[in-house]
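Below is the file input38.cif, which contains mmCIF, C-alpha atoms.
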data_start
#
loop_
_atom_site.label_atom_id
_atom_site.label_comp_id
_atom_site.auth_asym_id
_atom_site.auth_seq_id
_atom_site.Cartn_x
_atom_site.Cartn_y
_atom_site.Cartn_z
CA MET A 21 0.00 0.00 0.00
CA ARG A 22 1.24 3.51 -0.80
CA LEU A 23 -0.65 5.38 1.90
CA PRO A 24 1.34 3.84 4.82
CA LEU A 25 4.52 4.71 2.86
CA CYS A 26 3.35 8.29 2.57
CA ARG A 27 2.61 8.35 6.26
CA THR A 28 6.02 6.88 7.04
CA LEU A 29 7.80 9.50 4.92
CA ALA A 30 5.71 12.24 6.49
CA THR A 31 6.49 10.93 9.96
CA LEU A 32 10.21 10.90 9.18
CA ALA A 33 9.97 14.42 7.80
CA PHE A 34 8.18 15.56 10.93
CA SER A 35 10.79 13.91 13.14
CA VAL A 36 13.64 15.65 11.35
CA LEU A 37 11.93 19.04 11.30
CA ALA A 38 10.75 18.76 14.89
CA GLY A 39 14.25 17.73 15.93
CA ALA A 40 15.70 20.78 14.25
CA ALA A 41 13.18 23.03 15.99
CA PHE A 42 13.97 21.45 19.33
CA ALA A 43 17.71 21.96 18.74
CA ASP A 44 17.14 25.66 18.06
CA VAL A 45 15.28 25.98 21.35
CA MET A 46 18.11 24.33 23.25
CA VAL A 47 20.76 26.61 21.68
CA SER A 48 19.02 29.87 22.45
CA GLN A 49 16.38 30.48 25.06
CA SER A 50 15.29 33.57 23.11
CA ASN A 51 13.94 31.43 20.24
CA ALA A 52 10.13 30.96 20.14
CA PRO A 53 9.44 27.18 20.12
CA SER A 54 5.88 27.70 18.90
CA LEU A 55 7.12 29.44 15.74
CA ALA A 56 9.62 26.69 14.96
CA MET A 57 7.07 23.94 15.55
CA GLY A 58 4.50 25.82 13.48
CA ALA A 59 6.90 25.96 10.57
CA ALA A 60 7.63 22.23 10.99
CA PHE A 61 3.93 21.35 10.91
CA GLY A 62 3.44 23.49 7.82
CA THR A 63 6.25 21.75 5.98
CA LEU A 64 4.95 18.35 7.11
CA PHE A 65 1.44 18.98 5.84
CA GLU A 66 2.75 20.32 2.53
CA ALA A 67 4.90 17.20 2.06
CA GLU A 68 2.04 14.82 2.86
CA HIS A 69 -0.34 16.77 0.62
CA SER A 70 2.13 16.56 -2.27
CA ALA A 71 2.68 12.82 -1.71
CA VAL A 72 -1.04 12.03 -1.70
CA ASN A 73 -1.64 14.16 -4.80
CA ALA A 74 1.11 12.22 -6.59
CA LEU A 75 -0.86 8.94 -6.27
CA PRO A 76 -2.57 7.66 -9.43
CA GLN A 77 -6.30 8.34 -9.59
CA ALA A 78 -7.07 4.60 -9.32
CA ASP A 79 -5.20 4.38 -6.02
CA LEU A 80 -6.93 7.47 -4.65
CA THR A 81 -10.31 5.99 -5.58
CA ALA A 82 -9.38 2.68 -3.95
CA LEU A 83 -8.32 4.46 -0.77
CA ALA A 84 -11.60 6.34 -0.65
CA LYS A 85 -13.51 3.08 -1.07
CA GLY A 86 -11.34 1.20 1.43
CA ASP A 87 -10.21 -1.40 -1.15
CA LEU A 88 -6.59 -1.17 -0.06
CA LEU A 89 -7.21 -1.97 3.59
CA ALA A 90 -5.26 -5.01 4.70
CA THR A 91 -7.27 -8.16 5.37
CA PRO A 92 -6.33 -10.80 7.96
CA ALA A 93 -4.29 -13.64 6.51
CA ALA A 94 -3.44 -17.12 7.71
CA PRO A 95 -0.10 -17.28 9.56
CA ALA A 96 2.97 -18.02 7.50
CA ALA A 97 4.28 -21.55 7.64
CA ASN A 98 7.13 -20.60 10.00
CA THR A 99 4.98 -18.86 12.61
CA ALA A 100 2.93 -20.24 15.46
CA LEU A 101 -0.80 -20.68 14.91
CA PRO A 102 -3.23 -18.64 17.03
CA TYR A 103 -5.11 -21.77 18.22
CA THR A 104 -8.28 -19.78 18.95
CA GLN A 105 -11.95 -20.27 18.16
CA GLU A 106 -12.12 -16.80 16.64
CA TRP A 107 -9.26 -17.46 14.24
CA LEU A 108 -10.71 -20.80 13.13
CA ALA A 109 -14.17 -19.32 12.65
CA ASN A 110 -12.80 -16.61 10.36
CA LEU A 111 -11.13 -19.09 8.01
CA PRO A 112 -12.91 -20.05 4.78
CA ALA A 113 -15.45 -22.88 5.03
CA PRO A 114 -13.39 -26.08 4.86
CA LYS A 115 -13.60 -28.67 2.15
CA GLY A 116 -11.30 -31.28 0.70
CA ASP A 117 -10.69 -34.71 -0.76
CA ALA A 118 -10.66 -38.17 0.79
CA GLN A 119 -7.49 -37.43 2.78
CA TRP A 120 -9.16 -34.40 4.33
CA GLU A 121 -12.21 -36.53 5.17
CA CYS A 122 -10.02 -39.12 6.90
CA LEU A 123 -8.21 -36.51 8.97
CA ARG A 124 -11.44 -34.74 9.86
CA SER A 125 -13.02 -38.02 11.01
CA ALA A 126 -9.98 -38.94 13.11
CA LEU A 127 -10.00 -35.55 14.81
CA TYR A 128 -13.74 -35.75 15.42
CA PHE A 129 -13.74 -39.20 17.00
CA GLU A 130 -10.35 -39.10 18.73
CA ALA A 131 -10.17 -35.52 19.96
CA ARG A 132 -13.41 -33.55 19.70
CA GLY A 133 -13.55 -33.24 23.51
CA GLU A 134 -10.07 -31.72 23.59
CA THR A 135 -9.03 -28.08 23.43
CA ILE A 136 -8.16 -26.62 20.05
CA GLN A 137 -4.48 -27.19 20.80
CA GLY A 138 -5.27 -30.77 21.78
CA GLN A 139 -7.01 -31.36 18.45
CA PHE A 140 -4.15 -29.80 16.51
CA ALA A 141 -1.76 -32.03 18.45
CA VAL A 142 -3.59 -35.18 17.34
CA ALA A 143 -3.51 -33.89 13.76
CA GLU A 144 0.24 -33.43 14.12
CA VAL A 145 0.66 -37.07 15.11
CA ILE A 146 -1.29 -38.31 12.11
CA LEU A 147 0.71 -36.17 9.68
CA ASN A 148 3.99 -37.00 11.43
CA ARG A 149 3.19 -40.67 10.93
CA LYS A 150 2.44 -40.12 7.26
CA ASP A 151 5.88 -38.55 6.85
CA ALA A 152 7.78 -41.09 8.97
CA ALA A 153 9.38 -44.33 7.88
CA GLY A 154 7.42 -47.48 8.68
CA PHE A 155 3.96 -45.88 8.38
CA PRO A 156 1.53 -45.60 5.46
CA LYS A 157 2.21 -42.66 3.18
CA THR A 158 -1.32 -41.26 3.11
CA VAL A 159 -3.53 -39.80 5.82
CA CYS A 160 -6.21 -42.42 5.18
CA GLY A 161 -3.60 -45.17 5.32
CA VAL A 162 -2.42 -43.93 8.72
CA VAL A 163 -5.94 -43.58 10.13
CA HIS A 164 -7.04 -47.03 8.94
CA GLN A 165 -3.81 -48.83 9.81
CA ASP A 166 -4.00 -52.06 11.80
CA GLY A 167 -1.17 -53.32 13.95
CA GLU A 168 -0.52 -55.95 16.62
CA GLY A 169 -4.11 -57.15 16.50
CA THR A 170 -5.67 -53.75 17.07
CA CYS A 171 -6.39 -50.51 15.26
CA ALA A 172 -3.96 -47.61 15.34
CA PHE A 173 -6.89 -45.35 16.23
CA SER A 174 -9.45 -46.73 18.62
CA PHE A 175 -12.53 -45.32 16.90
CA MET A 176 -11.82 -47.55 13.91
CA CYS A 177 -12.46 -50.74 15.84
CA ASP A 178 -14.48 -49.82 18.94
CA GLY A 179 -17.71 -51.23 17.52
CA ARG A 180 -19.47 -47.87 17.64
CA SER A 181 -21.08 -45.95 14.80
CA ASP A 182 -18.69 -43.78 12.80
CA THR A 183 -21.42 -41.30 11.90
CA MET A 184 -20.51 -37.75 12.88
CA ARG A 185 -23.52 -35.99 14.43
CA ASP A 186 -22.24 -32.89 16.23
CA ALA A 187 -22.32 -30.15 13.57
CA SER A 188 -20.13 -27.74 15.51
CA ALA A 189 -17.49 -30.37 16.22
CA ILE A 190 -17.60 -31.52 12.59
CA ASP A 191 -16.98 -28.00 11.36
CA GLN A 192 -14.11 -27.40 13.78
CA ALA A 193 -12.44 -30.72 12.96
CA GLY A 194 -12.76 -29.90 9.27
CA ARG A 195 -11.16 -26.49 9.71
CA ILE A 196 -8.26 -27.93 11.69
CA ALA A 197 -7.80 -30.69 9.12
CA ARG A 198 -7.74 -28.14 6.31
CA VAL A 199 -5.18 -25.93 8.04
CA MET A 200 -2.88 -28.86 8.77
CA LEU A 201 -3.13 -30.39 5.30
CA ASP A 202 -2.30 -26.98 3.84
CA GLY A 203 1.10 -27.14 5.50
CA ALA A 204 0.73 -25.48 8.89
CA PRO A 205 3.67 -25.85 11.31
CA ARG A 206 3.67 -28.68 13.85
CA PRO A 207 5.29 -27.27 17.00
CA LEU A 208 3.07 -28.77 19.69
CA THR A 209 4.28 -32.36 19.89
CA ALA A 210 7.94 -32.15 18.83
CA GLY A 211 7.63 -34.81 16.14
CA ALA A 212 5.41 -37.23 18.09
CA THR A 213 4.10 -40.27 16.21
CA PHE A 214 2.19 -41.84 19.12
CA PHE A 215 -0.27 -40.67 21.74
CA HIS A 216 -2.55 -42.18 24.35
CA ALA A 217 -5.14 -40.99 26.83
CA GLN A 218 -3.90 -39.75 30.19
CA ASP A 219 -5.86 -42.45 32.03
CA VAL A 220 -4.13 -45.41 30.37
CA ASN A 221 -0.60 -46.79 30.59
CA PRO A 222 0.32 -48.80 27.49
CA LYS A 223 3.90 -49.69 28.60
CA TRP A 224 5.44 -48.58 25.32
CA ARG A 225 9.18 -49.15 24.84
CA ASN A 226 11.78 -47.05 23.04
CA LEU A 227 9.50 -44.02 23.14
CA LEU A 228 10.26 -40.55 24.47
CA GLN A 229 7.45 -38.43 25.88
CA THR A 230 7.39 -35.10 24.04
CA ALA A 231 4.24 -33.41 25.34
CA ALA A 232 1.12 -33.72 27.47
CA ILE A 233 -1.79 -31.69 26.13
CA GLY A 234 -5.28 -31.96 27.56
CA GLY A 235 -6.27 -35.58 27.93
CA HIS A 236 -3.43 -37.00 25.81
CA VAL A 237 0.26 -37.78 26.23
CA PHE A 238 2.48 -37.68 23.13
CA TYR A 239 5.59 -39.69 22.23
CA ARG A 240 8.15 -40.23 19.51
CA THR A 241 10.64 -43.01 18.97
CA THR A 242 14.14 -42.72 20.44
CA LEU A 243 15.74 -44.81 17.73
#

Could you render the structure from this file as structure tokens?
Amino acid sequence: MRLPLCRTLATLAFSVLAGAAFADVMVSQSNAPSLAMGAAFGTLFEAEHSAVNALPQADLTALAKGDLLATPAAPAANTALPYTQEWLANLPAPKGDAQWECLRSALYFEARGETIQGQFAVAEVILNRKDAAGFPKTVCGVVHQDGEGTCAFSFMCDGRSDTMRDASAIDQAGRIARVMLDGAPRPLTAGATFFHAQDVNPKWRNLLQTAAIGGHVFYRTTL
């Protein structure tokens, strides 16, 4: 945007002029500070007026209409996520392919009672598994994986209906799934590829605990 640049230049001009006026006051007590500052303001306003008038007509029209106002954007990939209801609610309505559906379902059934951070943490584990050696290379493959006579995710083999009924929880899980599949950072679990509920003790070996968030404890391999 050009308007902030104009304002920045004007501010710098004001700082320099005001500084000069202040210096004059310090050198001689007989100087009138109000006259010096008045001259500085006059020069400032003339400079800003000239800068605005130099803008193309299209930009001036856009400024008048508010078209150049900045709009909130999703955080860059190297910054932390806000992890707030407000931020999620302001994202576009989520949609996606089969991989998005699998991640949304896993978050709904495994973590819908958790905080937003807790749900993001479970999403991290699923995507960390997809990227790690020894696991399926798709989200759906990870979610549906069987191992050692049981399912990797309990909702896949608990005998209960897999129909999602809570509209609010469905929407939130879908938004989190969309953000994570779009490449959001994964800082919460420090590379965890396993998690379990706080009230169980699976006796896992060769695993290092990396985080405890809400009702879940998170681990990664030490090998």

Taking the file as shown, find all residues satisfying the PyMOL selection byres ((chain A and resi 108) around 10) and write them as a PDB file with C-alpha atoms, keeping the file's coordinate frame.
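See out_17.pdb below for the written result:
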ATOM      1  CA  ALA A  94      -3.440 -17.120   7.710  1.00  0.00           C
ATOM      2  CA  PRO A 102      -3.230 -18.640  17.030  1.00  0.00           C
ATOM      3  CA  TYR A 103      -5.110 -21.770  18.220  1.00  0.00           C
ATOM      4  CA  THR A 104      -8.280 -19.780  18.950  1.00  0.00           C
ATOM      5  CA  GLN A 105     -11.950 -20.270  18.160  1.00  0.00           C
ATOM      6  CA  GLU A 106     -12.120 -16.800  16.640  1.00  0.00           C
ATOM      7  CA  TRP A 107      -9.260 -17.460  14.240  1.00  0.00           C
ATOM      8  CA  ALA A 109     -14.170 -19.320  12.650  1.00  0.00           C
ATOM      9  CA  ASN A 110     -12.800 -16.610  10.360  1.00  0.00           C
ATOM     10  CA  LEU A 111     -11.130 -19.090   8.010  1.00  0.00           C
ATOM     11  CA  PRO A 112     -12.910 -20.050   4.780  1.00  0.00           C
ATOM     12  CA  ALA A 113     -15.450 -22.880   5.030  1.00  0.00           C
ATOM     13  CA  ILE A 136      -8.160 -26.620  20.050  1.00  0.00           C
ATOM     14  CA  ASP A 191     -16.980 -28.000  11.360  1.00  0.00           C
ATOM     15  CA  GLN A 192     -14.110 -27.400  13.780  1.00  0.00           C
ATOM     16  CA  ARG A 195     -11.160 -26.490   9.710  1.00  0.00           C
ATOM     17  CA  ILE A 196      -8.260 -27.930  11.690  1.00  0.00           C
ATOM     18  CA  VAL A 199      -5.180 -25.930   8.040  1.00  0.00           C
TER      19      VAL A 199
END

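Taking all atoms listed in the file into account, A:Ser174 lies nearest to A:Phe215 out of the set A:Phe215, A:Trp224, A:Trp120, A:Phe238.
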
- line: Of A:Ala100, A:Ala172, A:Cys160, A:Ala152, the one nearest to A:Glu121 when counting only C-alpha atoms is A:Cys160

task: Would you translate the PyMOL selection byres ((chain A and resi 200-207) around 10) into the concrete set of residues it matches in this file, as number ranges by chain?
output: A: 94-101, 116, 119-120, 123, 140-141, 143-145, 147-148, 159, 194-199, 208-212

Applying 12 Å and all atoms listed in the file, which residues near A:Thr183 remain after dropping the ones on its own chain fewer than 6 positions away? List them as a PDB file with C-alpha atoms, in the coordinates of the input.
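This is the output file out.pdb:
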ATOM      1  CA  SER A 125     -13.020 -38.020  11.010  1.00  0.00           C
ATOM      2  CA  ALA A 126      -9.980 -38.940  13.110  1.00  0.00           C
ATOM      3  CA  TYR A 128     -13.740 -35.750  15.420  1.00  0.00           C
ATOM      4  CA  PHE A 129     -13.740 -39.200  17.000  1.00  0.00           C
ATOM      5  CA  PHE A 175     -12.530 -45.320  16.900  1.00  0.00           C
ATOM      6  CA  MET A 176     -11.820 -47.550  13.910  1.00  0.00           C
ATOM      7  CA  ILE A 190     -17.600 -31.520  12.590  1.00  0.00           C
TER       8      ILE A 190
END

- prompt: For A:Gly138, which residue out of A:Lys115, A:Arg124, A:His236, A:Lys223 is the nearest one, using only C-alpha atoms?
  reply: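 The answer is A:His236, which sits nearest to A:Gly138.
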
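Taking atom CA of A:Val163 and atom CA of A:Cys122 as the two end points, the separation is 6.9 Å.
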
When the PyMOL selection byres ((chain A and resi 219) around 10) is applied to the file above, which residues end up in the set, as a CSV table (one decimal) with C-alpha atoms, in the frame of the given file?
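File produced: out_21.csv:
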chain,number,residue,atom,x,y,z
A,216,HIS,CA,-2.6,-42.2,24.4
A,217,ALA,CA,-5.1,-41.0,26.8
A,218,GLN,CA,-3.9,-39.8,30.2
A,220,VAL,CA,-4.1,-45.4,30.4
A,221,ASN,CA,-0.6,-46.8,30.6
A,222,PRO,CA,0.3,-48.8,27.5
A,235,GLY,CA,-6.3,-35.6,27.9
A,236,HIS,CA,-3.4,-37.0,25.8
A,237,VAL,CA,0.3,-37.8,26.2
